[in-house]
file coords-v7.txt (compact mmCIF, C-alpha atoms)
# COMPACT_ATOMS: atom_id res chain seq x y z
CA MET A 1 66.99 -90.23 130.29
CA PHE A 2 64.99 -90.87 133.45
CA ARG A 3 63.42 -88.12 135.47
CA SER A 4 64.87 -87.08 138.77
CA ARG A 5 63.64 -88.92 141.84
CA PHE A 6 61.37 -87.14 144.23
CA THR A 7 58.42 -87.84 146.48
CA ARG A 8 55.39 -86.20 144.96
CA ARG A 9 52.17 -87.94 145.97
CA LEU A 10 51.12 -86.67 149.38
CA PRO A 11 47.50 -86.78 150.60
CA ALA A 12 45.61 -83.68 149.54
CA VAL A 13 44.40 -82.79 153.00
CA ALA A 14 47.94 -82.98 154.34
CA ALA A 15 48.86 -80.55 151.60
CA VAL A 16 46.18 -78.06 152.51
CA ALA A 17 45.82 -78.50 156.25
CA GLY A 18 44.94 -75.12 157.71
CA LEU A 19 43.95 -73.84 154.26
CA ALA A 20 40.29 -74.87 154.58
CA LEU A 21 40.51 -77.37 151.73
CA ALA A 22 38.31 -79.99 153.35
CA VAL A 23 37.01 -82.32 150.64
CA ALA A 24 35.38 -85.43 150.85
CA ALA A 25 35.88 -96.29 144.90
CA CYS A 26 36.87 -98.32 142.70
CA GLY A 27 38.76 -98.40 139.40
CA GLY A 28 37.32 -96.06 136.81
CA GLY A 29 33.93 -96.04 138.48
CA SER A 30 32.30 -92.91 139.85
CA THR A 31 32.10 -91.80 143.47
CA ASP A 32 29.45 -89.60 144.99
CA SER A 33 32.02 -87.26 146.52
CA ALA A 34 33.81 -86.69 143.23
CA GLU A 35 30.71 -86.35 141.07
CA SER A 36 28.92 -83.99 143.46
CA ALA A 37 31.83 -81.55 143.72
CA PRO A 38 30.80 -77.92 143.14
CA ARG A 39 32.19 -76.38 139.99
CA ALA A 40 33.01 -72.77 139.24
CA THR A 41 30.97 -71.10 136.52
CA ALA A 42 32.79 -71.27 133.22
CA GLU A 43 33.75 -68.03 131.53
CA GLN A 44 33.00 -67.31 127.92
CA LEU A 45 36.28 -67.86 126.14
CA ASN A 46 37.23 -66.70 122.66
CA PRO A 47 38.42 -69.55 120.42
CA ASN A 48 39.98 -66.93 118.15
CA ALA A 49 41.78 -65.02 120.88
CA ASP A 50 45.06 -63.34 119.96
CA LEU A 51 47.56 -65.49 121.86
CA THR A 52 50.39 -63.06 121.16
CA LYS A 53 48.84 -60.95 123.91
CA GLN A 54 48.82 -63.83 126.39
CA SER A 55 51.55 -65.70 128.24
CA ILE A 56 51.66 -69.03 130.05
CA ASN A 57 52.99 -69.83 133.51
CA ILE A 58 52.95 -73.47 134.61
CA THR A 59 54.00 -75.30 137.75
CA VAL A 60 55.26 -78.86 137.33
CA TRP A 61 57.58 -81.46 138.85
CA ASP A 62 61.22 -81.19 137.84
CA GLY A 63 61.99 -83.41 134.86
CA TYR A 64 58.32 -84.01 134.06
CA THR A 65 58.37 -81.97 130.83
CA PRO A 66 61.14 -81.25 128.29
CA LYS A 67 63.60 -78.54 129.27
CA GLU A 68 63.08 -76.86 125.89
CA LEU A 69 59.29 -76.76 126.34
CA PRO A 70 59.03 -72.94 126.83
CA GLU A 71 60.85 -72.26 123.57
CA LYS A 72 58.78 -74.81 121.66
CA VAL A 73 55.49 -73.53 123.08
CA LYS A 74 56.34 -69.92 122.31
CA GLU A 75 57.25 -70.84 118.75
CA LYS A 76 54.21 -73.06 118.15
CA LEU A 77 51.48 -71.08 119.93
CA LYS A 78 52.92 -67.59 119.33
CA VAL A 79 52.32 -66.63 122.96
CA SER A 80 54.27 -63.69 124.33
CA GLY A 81 56.20 -65.96 126.66
CA MET A 82 56.17 -69.01 128.90
CA THR A 83 57.63 -69.56 132.34
CA VAL A 84 58.01 -72.81 134.28
CA THR A 85 58.11 -72.94 138.05
CA LEU A 86 58.89 -76.21 139.80
CA HIS A 87 57.38 -78.00 142.74
CA ALA A 88 58.92 -81.03 144.41
CA THR A 89 55.68 -82.41 145.84
CA ASN A 90 51.93 -82.08 145.54
CA GLU A 91 52.02 -80.43 148.95
CA GLU A 92 54.29 -77.69 147.67
CA ALA A 93 52.08 -77.17 144.61
CA MET A 94 48.93 -76.93 146.72
CA THR A 95 50.50 -74.35 149.00
CA LYS A 96 51.52 -72.33 145.98
CA LEU A 97 48.03 -72.54 144.47
CA THR A 98 45.93 -71.92 147.58
CA VAL A 99 47.75 -69.47 149.85
CA GLY A 100 46.91 -65.83 149.18
CA GLY A 101 45.25 -64.42 146.09
CA ASP A 102 46.26 -64.95 142.48
CA SER A 103 49.13 -67.43 142.35
CA GLY A 104 50.05 -66.26 138.86
CA ILE A 105 49.85 -69.88 137.69
CA ASP A 106 47.83 -70.64 134.57
CA VAL A 107 48.31 -74.42 134.35
CA ALA A 108 49.25 -76.70 137.24
CA PHE A 109 50.36 -80.32 137.12
CA VAL A 110 48.94 -82.11 140.18
CA SER A 111 47.79 -85.63 141.00
CA GLY A 112 44.15 -86.53 140.55
CA GLN A 113 42.97 -86.27 144.14
CA TYR A 114 44.55 -82.81 144.36
CA ALA A 115 42.70 -81.69 141.26
CA GLN A 116 39.55 -82.87 143.02
CA ALA A 117 40.42 -80.81 146.12
CA LEU A 118 41.14 -77.69 144.08
CA ASN A 119 37.91 -78.04 142.15
CA GLU A 120 35.81 -78.45 145.27
CA GLN A 121 37.13 -75.10 146.43
CA GLY A 122 36.08 -73.46 143.15
CA LEU A 123 39.71 -72.74 142.21
CA LEU A 124 39.66 -74.41 138.79
CA GLU A 125 38.37 -73.26 135.43
CA PRO A 126 36.20 -75.94 133.82
CA ILE A 127 37.82 -77.50 130.78
CA HIS A 128 36.45 -76.01 127.55
CA ALA A 129 36.64 -79.10 125.35
CA GLU A 130 36.05 -77.11 122.18
CA LEU A 131 39.40 -75.40 122.74
CA ILE A 132 41.24 -78.71 123.16
CA PRO A 133 40.53 -80.79 120.04
CA ASN A 134 43.39 -83.13 120.93
CA LEU A 135 41.26 -84.50 123.77
CA ALA A 136 40.15 -86.90 121.06
CA ASN A 137 43.58 -88.56 121.37
CA LEU A 138 42.84 -89.81 124.89
CA TYR A 139 41.89 -93.41 125.53
CA PRO A 140 38.16 -93.74 126.32
CA GLU A 141 39.19 -95.08 129.74
CA ALA A 142 40.90 -91.76 130.49
CA THR A 143 37.50 -90.05 130.50
CA GLN A 144 36.12 -92.37 133.20
CA LEU A 145 38.40 -91.53 136.12
CA SER A 146 36.49 -91.50 139.38
CA TYR A 147 37.82 -88.18 140.72
CA ASP A 148 36.75 -86.36 137.52
CA LYS A 149 34.49 -88.42 135.30
CA GLY A 150 34.33 -86.82 131.86
CA ASN A 151 37.45 -84.65 132.36
CA LYS A 152 35.31 -81.72 133.44
CA TYR A 153 38.08 -79.83 135.23
CA SER A 154 41.28 -81.79 134.61
CA VAL A 155 43.16 -83.48 131.77
CA PRO A 156 45.25 -86.58 132.58
CA TYR A 157 48.96 -86.42 131.76
CA THR A 158 50.40 -89.70 133.09
CA TRP A 159 48.95 -92.71 134.88
CA GLY A 160 50.07 -95.94 136.46
CA THR A 161 49.85 -98.32 139.37
CA THR A 162 51.81 -99.66 142.35
CA GLY A 163 53.17 -103.14 142.88
CA ILE A 164 56.15 -105.25 143.90
CA CYS A 165 59.45 -104.67 142.13
CA TYR A 166 61.87 -107.56 142.71
CA ARG A 167 65.15 -109.22 141.76
CA SER A 168 64.14 -112.35 139.88
CA ASP A 169 67.60 -113.90 140.43
CA LEU A 170 67.64 -113.34 144.19
CA VAL A 171 64.13 -114.31 145.30
CA LYS A 172 63.54 -117.97 146.13
CA ALA A 173 59.92 -117.65 145.03
CA LYS A 174 58.43 -114.96 142.82
CA PRO A 175 56.12 -112.67 144.81
CA THR A 176 52.42 -112.85 143.99
CA SER A 177 50.81 -111.27 147.05
CA TRP A 178 51.20 -108.15 149.15
CA ASN A 179 51.77 -110.58 152.01
CA ASP A 180 55.12 -111.46 150.45
CA LEU A 181 56.18 -107.97 151.59
CA LEU A 182 54.11 -107.77 154.75
CA LYS A 183 54.92 -111.26 156.07
CA PRO A 184 58.20 -112.01 154.32
CA PRO A 185 59.93 -115.39 154.45
CA ALA A 186 63.15 -115.58 156.45
CA TRP A 187 65.37 -115.29 153.36
CA ALA A 188 63.81 -111.90 152.49
CA GLU A 189 63.92 -110.31 155.94
CA LYS A 190 65.89 -107.04 156.06
CA LYS A 191 65.92 -107.02 152.25
CA ILE A 192 62.56 -105.32 151.70
CA THR A 193 61.58 -101.64 151.47
CA MET A 194 58.22 -99.95 151.72
CA MET A 195 57.13 -96.46 150.71
CA THR A 196 56.84 -93.66 153.24
CA THR A 197 54.22 -91.49 151.48
CA GLU A 198 51.12 -91.94 153.58
CA ARG A 199 48.53 -93.45 151.24
CA TRP A 200 51.17 -95.70 149.66
CA LEU A 201 52.63 -96.80 152.98
CA ALA A 202 49.17 -98.10 153.85
CA LEU A 203 48.33 -99.53 150.41
CA PRO A 204 49.86 -103.03 150.70
CA ALA A 205 48.23 -103.73 154.07
CA ILE A 206 44.91 -102.27 152.92
CA LYS A 207 44.82 -104.52 149.88
CA ALA A 208 46.09 -107.59 151.76
CA LEU A 209 43.20 -107.11 154.19
CA ARG A 210 40.78 -106.69 151.25
CA TYR A 211 39.78 -103.14 152.20
CA SER A 212 39.21 -100.19 149.88
CA VAL A 213 42.25 -98.02 149.18
CA ASN A 214 39.99 -95.12 150.14
CA THR A 215 38.83 -96.57 153.47
CA ASP A 216 38.30 -94.10 156.30
CA LYS A 217 36.96 -96.64 158.79
CA ASP A 218 38.79 -96.44 162.10
CA GLU A 219 38.61 -100.17 162.76
CA GLU A 220 40.08 -100.98 159.33
CA ILE A 221 42.88 -98.42 159.66
CA ALA A 222 43.68 -99.92 163.07
CA LYS A 223 44.10 -103.34 161.46
CA VAL A 224 46.33 -101.79 158.79
CA LYS A 225 48.49 -100.22 161.49
CA GLU A 226 48.77 -103.54 163.33
CA LEU A 227 49.96 -105.30 160.17
CA LEU A 228 52.49 -102.58 159.34
CA LEU A 229 53.93 -102.65 162.85
CA GLN A 230 54.30 -106.43 162.69
CA GLN A 231 56.18 -106.01 159.43
CA LYS A 232 58.46 -103.14 160.51
CA PRO A 233 61.22 -105.18 162.28
CA LYS A 234 61.65 -107.26 159.12
CA LEU A 235 62.25 -104.30 156.78
CA LEU A 236 65.45 -102.92 155.35
CA GLY A 237 63.74 -99.56 155.56
CA TYR A 238 61.23 -97.11 154.12
CA ASP A 239 62.20 -95.63 150.76
CA ASP A 240 60.32 -93.64 148.11
CA THR A 241 63.29 -92.68 145.99
CA THR A 242 66.27 -95.06 145.91
CA PHE A 243 64.64 -98.48 146.04
CA GLY A 244 65.60 -99.12 142.41
CA GLU A 245 69.28 -98.66 143.20
CA LYS A 246 68.96 -100.95 146.21
CA LEU A 247 67.55 -103.63 143.93
CA LYS A 248 70.36 -103.19 141.43
CA THR A 249 73.03 -103.63 144.11
CA GLY A 250 71.22 -106.55 145.73
CA GLU A 251 70.81 -104.72 149.03
CA ALA A 252 67.06 -105.25 148.53
CA VAL A 253 65.33 -108.18 146.86
CA MET A 254 61.71 -106.95 146.95
CA VAL A 255 60.33 -103.41 147.21
CA GLU A 256 57.02 -101.60 147.01
CA ALA A 257 57.24 -99.42 143.90
CA TRP A 258 55.38 -97.27 141.44
CA ASP A 259 55.50 -99.06 138.10
CA GLY A 260 57.45 -96.39 136.23
CA TRP A 261 60.15 -96.35 138.93
CA CYS A 262 60.76 -100.09 138.84
CA PRO A 263 63.96 -100.41 136.71
CA THR A 264 62.80 -103.36 134.65
CA THR A 265 64.85 -102.14 131.69
CA ASP A 266 68.14 -102.49 133.60
CA GLU A 267 70.78 -104.02 131.36
CA LYS A 268 71.10 -107.14 133.52
CA LYS A 269 67.40 -107.95 132.88
CA ASN A 270 66.93 -109.36 136.37
CA ILE A 271 64.39 -106.89 137.77
CA GLU A 272 60.68 -107.56 137.35
CA PHE A 273 57.40 -106.00 138.45
CA VAL A 274 54.14 -107.60 139.52
CA VAL A 275 50.75 -106.31 140.63
CA PRO A 276 49.79 -108.55 143.56
CA LYS A 277 46.76 -110.79 143.27
CA GLU A 278 44.83 -108.72 145.84
CA GLY A 279 44.92 -105.74 143.44
CA SER A 280 46.38 -102.26 143.66
CA ASP A 281 45.71 -98.62 142.90
CA LEU A 282 45.33 -96.39 139.87
CA TRP A 283 47.15 -93.07 140.21
CA VAL A 284 46.87 -90.22 137.71
CA ASP A 285 48.81 -86.99 137.30
CA THR A 286 46.79 -84.23 135.67
CA MET A 287 46.85 -80.76 134.12
CA VAL A 288 44.41 -78.18 135.50
CA ILE A 289 43.69 -74.54 134.63
CA MET A 290 43.40 -72.10 137.50
CA LYS A 291 40.24 -70.01 137.74
CA SER A 292 42.45 -67.01 138.52
CA SER A 293 44.36 -67.34 135.22
CA LYS A 294 44.29 -64.26 133.01
CA ASN A 295 45.45 -66.35 130.04
CA LYS A 296 42.77 -69.00 129.81
CA GLU A 297 42.76 -69.31 126.03
CA ALA A 298 46.53 -69.75 126.04
CA ALA A 299 46.22 -72.26 128.87
CA HIS A 300 43.80 -74.36 126.83
CA ALA A 301 46.08 -74.07 123.80
CA PHE A 302 48.98 -75.28 125.96
CA ILE A 303 47.10 -78.39 127.08
CA ASN A 304 46.07 -79.03 123.49
CA TYR A 305 49.74 -78.78 122.51
CA ILE A 306 50.77 -81.27 125.20
CA LEU A 307 48.17 -83.74 123.90
CA ASP A 308 49.74 -83.68 120.45
CA PRO A 309 50.99 -87.28 119.99
CA GLU A 310 54.52 -86.20 119.16
CA ILE A 311 54.72 -84.04 122.28
CA HIS A 312 52.90 -86.27 124.75
CA SER A 313 54.94 -89.33 123.77
CA TRP A 314 57.98 -87.57 125.28
CA ALA A 315 56.72 -88.40 128.77
CA ALA A 316 56.53 -92.13 128.07
CA GLU A 317 59.91 -92.16 126.36
CA ASN A 318 61.74 -90.04 128.94
CA ILE A 319 60.15 -90.58 132.34
CA ASN A 320 58.99 -94.15 131.71
CA TYR A 321 55.40 -93.47 132.71
CA LYS A 322 52.46 -94.45 130.57
CA VAL A 323 50.42 -91.59 129.13
CA PRO A 324 46.63 -91.84 128.67
CA ASN A 325 46.97 -90.74 125.05
CA LYS A 326 46.29 -93.52 122.55
CA ALA A 327 47.83 -91.70 119.60
CA ALA A 328 50.95 -90.88 121.63
CA MET A 329 51.44 -94.42 122.93
CA GLU A 330 51.19 -95.77 119.41
CA ARG A 331 54.35 -93.79 118.61
CA VAL A 332 56.32 -95.28 121.51
CA ARG A 333 58.62 -98.25 121.00
CA PRO A 334 59.05 -99.62 124.53
CA PRO A 335 62.51 -101.03 125.33
CA GLU A 336 62.81 -104.66 126.33
CA GLY A 337 61.39 -105.20 129.79
CA SER A 338 59.48 -101.92 129.84
CA LEU A 339 56.10 -101.70 131.56
CA LEU A 340 54.85 -99.18 129.02
CA GLY A 341 52.81 -101.86 127.28
CA THR A 342 50.29 -102.13 130.12
CA LYS A 343 46.82 -101.71 128.63
CA PRO A 344 44.39 -99.03 129.87
CA ALA A 345 41.84 -101.69 130.80
CA GLU A 346 44.46 -103.34 133.02
CA LEU A 347 45.20 -100.03 134.73
CA LEU A 348 41.52 -99.47 135.42
CA ASN A 349 41.50 -102.72 137.37
CA GLY A 350 43.25 -100.65 140.01
CA GLU A 351 41.29 -98.68 142.57
CA SER A 352 41.36 -94.94 141.96
CA ILE A 353 42.81 -92.89 144.78
CA ILE A 354 40.50 -90.01 145.67
CA ASP A 355 40.84 -87.23 148.20
CA LEU A 356 39.27 -88.15 151.52
CA GLY A 357 38.83 -84.70 152.96
CA GLN A 358 39.49 -84.43 156.68
CA ALA A 359 39.61 -88.23 156.89
CA SER A 360 43.01 -88.08 155.19
CA THR A 361 44.45 -86.99 158.53
CA LYS A 362 43.86 -90.57 159.68
CA TYR A 363 46.56 -91.65 157.24
CA THR A 364 48.88 -88.90 158.44
CA ARG A 365 48.41 -90.18 162.00
CA LEU A 366 48.88 -93.78 160.85
CA ALA A 367 52.20 -92.99 159.16
CA SER A 368 53.42 -91.00 162.16
CA GLU A 369 52.56 -93.78 164.60
CA VAL A 370 54.21 -96.46 162.46
CA ALA A 371 57.34 -94.32 162.15
CA ALA A 372 57.47 -93.62 165.88
CA GLN A 373 57.27 -97.25 167.04

call {"tool": "encode", "arguments": {"input": "coords-v7.txt", "output": "structure tokens"}}
result
Amino acid sequence: MFRSRFTRRLPAVAAVAGLALAVAACGGGSTDSAESAPRATAEQLNPNADLTKQSINITVWDGYTPKELPEKVKEKLKVSGMTVTLHATNEEAMTKLTVGGDSGIDVAFVSGQYAQALNEQGLLEPIHAELIPNLANLYPEATQLSYDKGNKYSVPYTWGTTGICYRSDLVKAKPTSWNDLLKPPAWAEKKITMMTTERWLALPAIKALRYSVNTDKDEEIAKVKELLLQQKPKLLGYDDTTFGEKLKTGEAVMVEAWDGWCPTTDEKKNIEFVVPKEGSDLWVDTMVIMKSSKNKEAAHAFINYILDPEIHSWAAENINYKVPNKAAMERVRPPEGSLLGTKPAELLNGESIIDLGQASTKYTRLASEVAAQ
């Protein structure tokens, strides 16, 4: 089973434009903007609360958790009930969580930079670690993420990186650099795809030019745009969702891809993935508890349940994304060719994507201008 394809990582400011969510790096290191974010005052929670009087409502991407999760959670935690609402993108989730008063959501699954944006608006309940003993199952590296060092307001669910996914039998030379996509040889022209999601559209050019993935410098973004426009006539197209199928059919020979979406386990064993020598990103999808939740003890119990190795390993086995849970990953038996064996230290070589506040609109403008020309 592989989860349904959908674009889900949009810049946080694009997601909350007009909603007054203006929020202001490398690898697992800290950033001033992330560390200085204001935090809502934590409530006093009862570790012995009667969960039969509480319910749980989560919002999550389709296919990102087991379909039978509500039944299992109700049985295990003895809550009065659990409902799952779906969002297709981070943008949709942010609208749901920020427009109006109480969203009714207890736990939201959002990407790291969105958790940062929500926290800076005081919309998140700080994580009460004493109510989530299974936090001990996380890799130490998972507590050093730049957007939330120490997991103060978010708990990581999946993580990964971006690179070049390619047909080893169709390329005349194995790609090693982002320039293999950006300045392709003649034999690869019109057989390459790039992502459309704004920060990831820019990523290859940013790294090829040796800039930070979080750059907001106008002169650097102008150089990125110039490189992307030079590349555009040589592309097959822009594709966030079906690039794997294009590789399988041979329509494409090299594509920009998130690691978990590169079909390296295809039965023909001719698709491979590489992180270019210039480096890449580190993306993280997280679980957060809304400050407005009336079921905070149940929400913590839910996250604790997800971090159970038997439960959390489902994500690695079914959506092909690594989980930052050491005990869970030790249960997984990756199929031949799988990228699930990537070590946490290797992932932290990537540059963490953080929310850039109003500067994120520069990437929205960049993507629009590249698309229009």

call {"tool": "closest_residue", "arguments": {"input": "coords-v7.txt", "among": "A:Leu135, A:Phe302, A:Gly337, A:Ala173", "to": "Ile289 (chain A)", "atoms": "only C-alpha atoms"}}
result
A:Phe302

call {"tool": "atom_distance", "arguments": {"input": "coords-v7.txt", "atom1": "CA of Lys225 (chain A)", "atom2": "CA of Trp261 (chain A)"}}
result
25.7 Å

call {"tool": "residues_near_point", "arguments": {"input": "coords-v7.txt", "point": "(56.6, -65.3, 122.8)", "cutoff": "12 Å", "atoms": "all atoms listed in the file", "output": "PDB file with C-alpha atoms, in the frame of the given file"}}
result
ATOM      1  CA  LEU A  51      47.560 -65.490 121.860  1.00  0.00           C
ATOM      2  CA  THR A  52      50.390 -63.060 121.160  1.00  0.00           C
ATOM      3  CA  LYS A  53      48.840 -60.950 123.910  1.00  0.00           C
ATOM      4  CA  GLN A  54      48.820 -63.830 126.390  1.00  0.00           C
ATOM      5  CA  SER A  55      51.550 -65.700 128.240  1.00  0.00           C
ATOM      6  CA  ILE A  56      51.660 -69.030 130.050  1.00  0.00           C
ATOM      7  CA  PRO A  70      59.030 -72.940 126.830  1.00  0.00           C
ATOM      8  CA  GLU A  71      60.850 -72.260 123.570  1.00  0.00           C
ATOM      9  CA  LYS A  72      58.780 -74.810 121.660  1.00  0.00           C
ATOM     10  CA  VAL A  73      55.490 -73.530 123.080  1.00  0.00           C
ATOM     11  CA  LYS A  74      56.340 -69.920 122.310  1.00  0.00           C
ATOM     12  CA  GLU A  75      57.250 -70.840 118.750  1.00  0.00           C
ATOM     13  CA  LYS A  76      54.210 -73.060 118.150  1.00  0.00           C
ATOM     14  CA  LEU A  77      51.480 -71.080 119.930  1.00  0.00           C
ATOM     15  CA  LYS A  78      52.920 -67.590 119.330  1.00  0.00           C
ATOM     16  CA  VAL A  79      52.320 -66.630 122.960  1.00  0.00           C
ATOM     17  CA  SER A  80      54.270 -63.690 124.330  1.00  0.00           C
ATOM     18  CA  GLY A  81      56.200 -65.960 126.660  1.00  0.00           C
ATOM     19  CA  MET A  82      56.170 -69.010 128.900  1.00  0.00           C
ATOM     20  CA  THR A  83      57.630 -69.560 132.340  1.00  0.00           C
ATOM     21  CA  ALA A 298      46.530 -69.750 126.040  1.00  0.00           C
TER      22      ALA A 298
END

call {"tool": "atom_distance", "arguments": {"input": "coords-v7.txt", "atom1": "CA of Ser146 (chain A)", "atom2": "CA of Gln121 (chain A)"}}
result
17.9 Å

call {"tool": "atom_distance", "arguments": {"input": "coords-v7.txt", "atom1": "CA of Leu227 (chain A)", "atom2": "CA of Asp240 (chain A)"}}
result
19.7 Å

call {"tool": "closest_atom_pairs", "arguments": {"input": "coords-v7.txt", "of": "region 257-300 of chain A", "to": "region 100-116 of chain A", "cutoff": "8 Å", "atoms": "only C-alpha atoms", "output": "CSV"}}
result
residue,atom,partner,partner_atom,distance
A:Trp283,CA,A:Gly112,CA,7.2
A:Val284,CA,A:Gly112,CA,5.4
A:Asp285,CA,A:Ser111,CA,4.1
A:Thr286,CA,A:Val110,CA,5.4
A:Met287,CA,A:Phe109,CA,4.6
A:Val288,CA,A:Ala108,CA,5.4
A:Ile289,CA,A:Val107,CA,4.6
A:Met290,CA,A:Asp106,CA,5.5
A:Ser292,CA,A:Asp102,CA,5.9
A:Ser293,CA,A:Asp106,CA,4.8
A:Lys294,CA,A:Asp106,CA,7.5
A:Asn295,CA,A:Asp106,CA,6.7
A:Lys296,CA,A:Asp106,CA,7.1
A:Ala299,CA,A:Asp106,CA,6.1

call {"tool": "residues_around", "arguments": {"input": "coords-v7.txt", "residues": "Glu130 (chain A)", "least_positions_apart": "2", "cutoff": "12 Å", "atoms": "only C-alpha atoms", "output": "VMD selection string"}}
result
chain A and resid 44 to 48 126 to 128 132 to 136 297 300 to 301 304

call {"tool": "residues_around", "arguments": {"input": "coords-v7.txt", "residues": "Glu278 (chain A)", "least_positions_apart": "4", "cutoff": "7 Å", "atoms": "all atoms listed in the file", "output": "PyMOL selection string"}}
result
chain A and resi 177+207-208

call {"tool": "write_last_selection", "arguments": {"input": "coords-v7.txt", "atoms": "C-alpha atoms", "output": "tab-separated table (two decimals), in the coordinates of the input"}}
result
chain	number	residue	atom	x	y	z
A	177	SER	CA	50.81	-111.27	147.05
A	207	LYS	CA	44.82	-104.52	149.88
A	208	ALA	CA	46.09	-107.59	151.76

call {"tool": "closest_residue", "arguments": {"input": "coords-v7.txt", "among": "A:Leu124, A:Ile221, A:Ala327, A:Val253", "to": "Asp180 (chain A)", "atoms": "only C-alpha atoms"}}
result
A:Val253

call {"tool": "residues_around", "arguments": {"input": "coords-v7.txt", "residues": "region 338-342 of chain A", "least_positions_apart": "2", "cutoff": "7 Å", "atoms": "all atoms listed in the file", "output": "PDB file with C-alpha atoms, in the coordinates of the input"}}
result
ATOM      1  CA  THR A 264      62.800-103.360 134.650  1.00  0.00           C
ATOM      2  CA  THR A 265      64.850-102.140 131.690  1.00  0.00           C
ATOM      3  CA  TYR A 321      55.400 -93.470 132.710  1.00  0.00           C
ATOM      4  CA  LYS A 322      52.460 -94.450 130.570  1.00  0.00           C
ATOM      5  CA  PRO A 334      59.050 -99.620 124.530  1.00  0.00           C
ATOM      6  CA  PRO A 335      62.510-101.030 125.330  1.00  0.00           C
ATOM      7  CA  GLU A 336      62.810-104.660 126.330  1.00  0.00           C
ATOM      8  CA  PRO A 344      44.390 -99.030 129.870  1.00  0.00           C
ATOM      9  CA  GLU A 346      44.460-103.340 133.020  1.00  0.00           C
TER      10      GLU A 346
END

call {"tool": "axis_aligned_box", "arguments": {"input": "coords-v7.txt", "around": "region 342-360 of chain A", "padding_each_side": "3 Å", "output": "lines of an AutoDock Vina configuration file"}}
result
center_x = 44.6
center_y = -93.9
center_z = 142.8
size_x = 17.5
size_y = 24.9
size_z = 34.3

call {"tool": "closest_residue", "arguments": {"input": "coords-v7.txt", "among": "A:Ala367, A:Ile271, A:Ile311, A:Val155", "to": "Leu203 (chain A)", "atoms": "only C-alpha atoms"}}
result
A:Ala367

call {"tool": "closest_residue", "arguments": {"input": "coords-v7.txt", "among": "A:Glu91, A:Asp62, A:Asp308, A:Asp281", "to": "Gly163 (chain A)", "atoms": "all atoms listed in the file"}}
result
A:Asp281
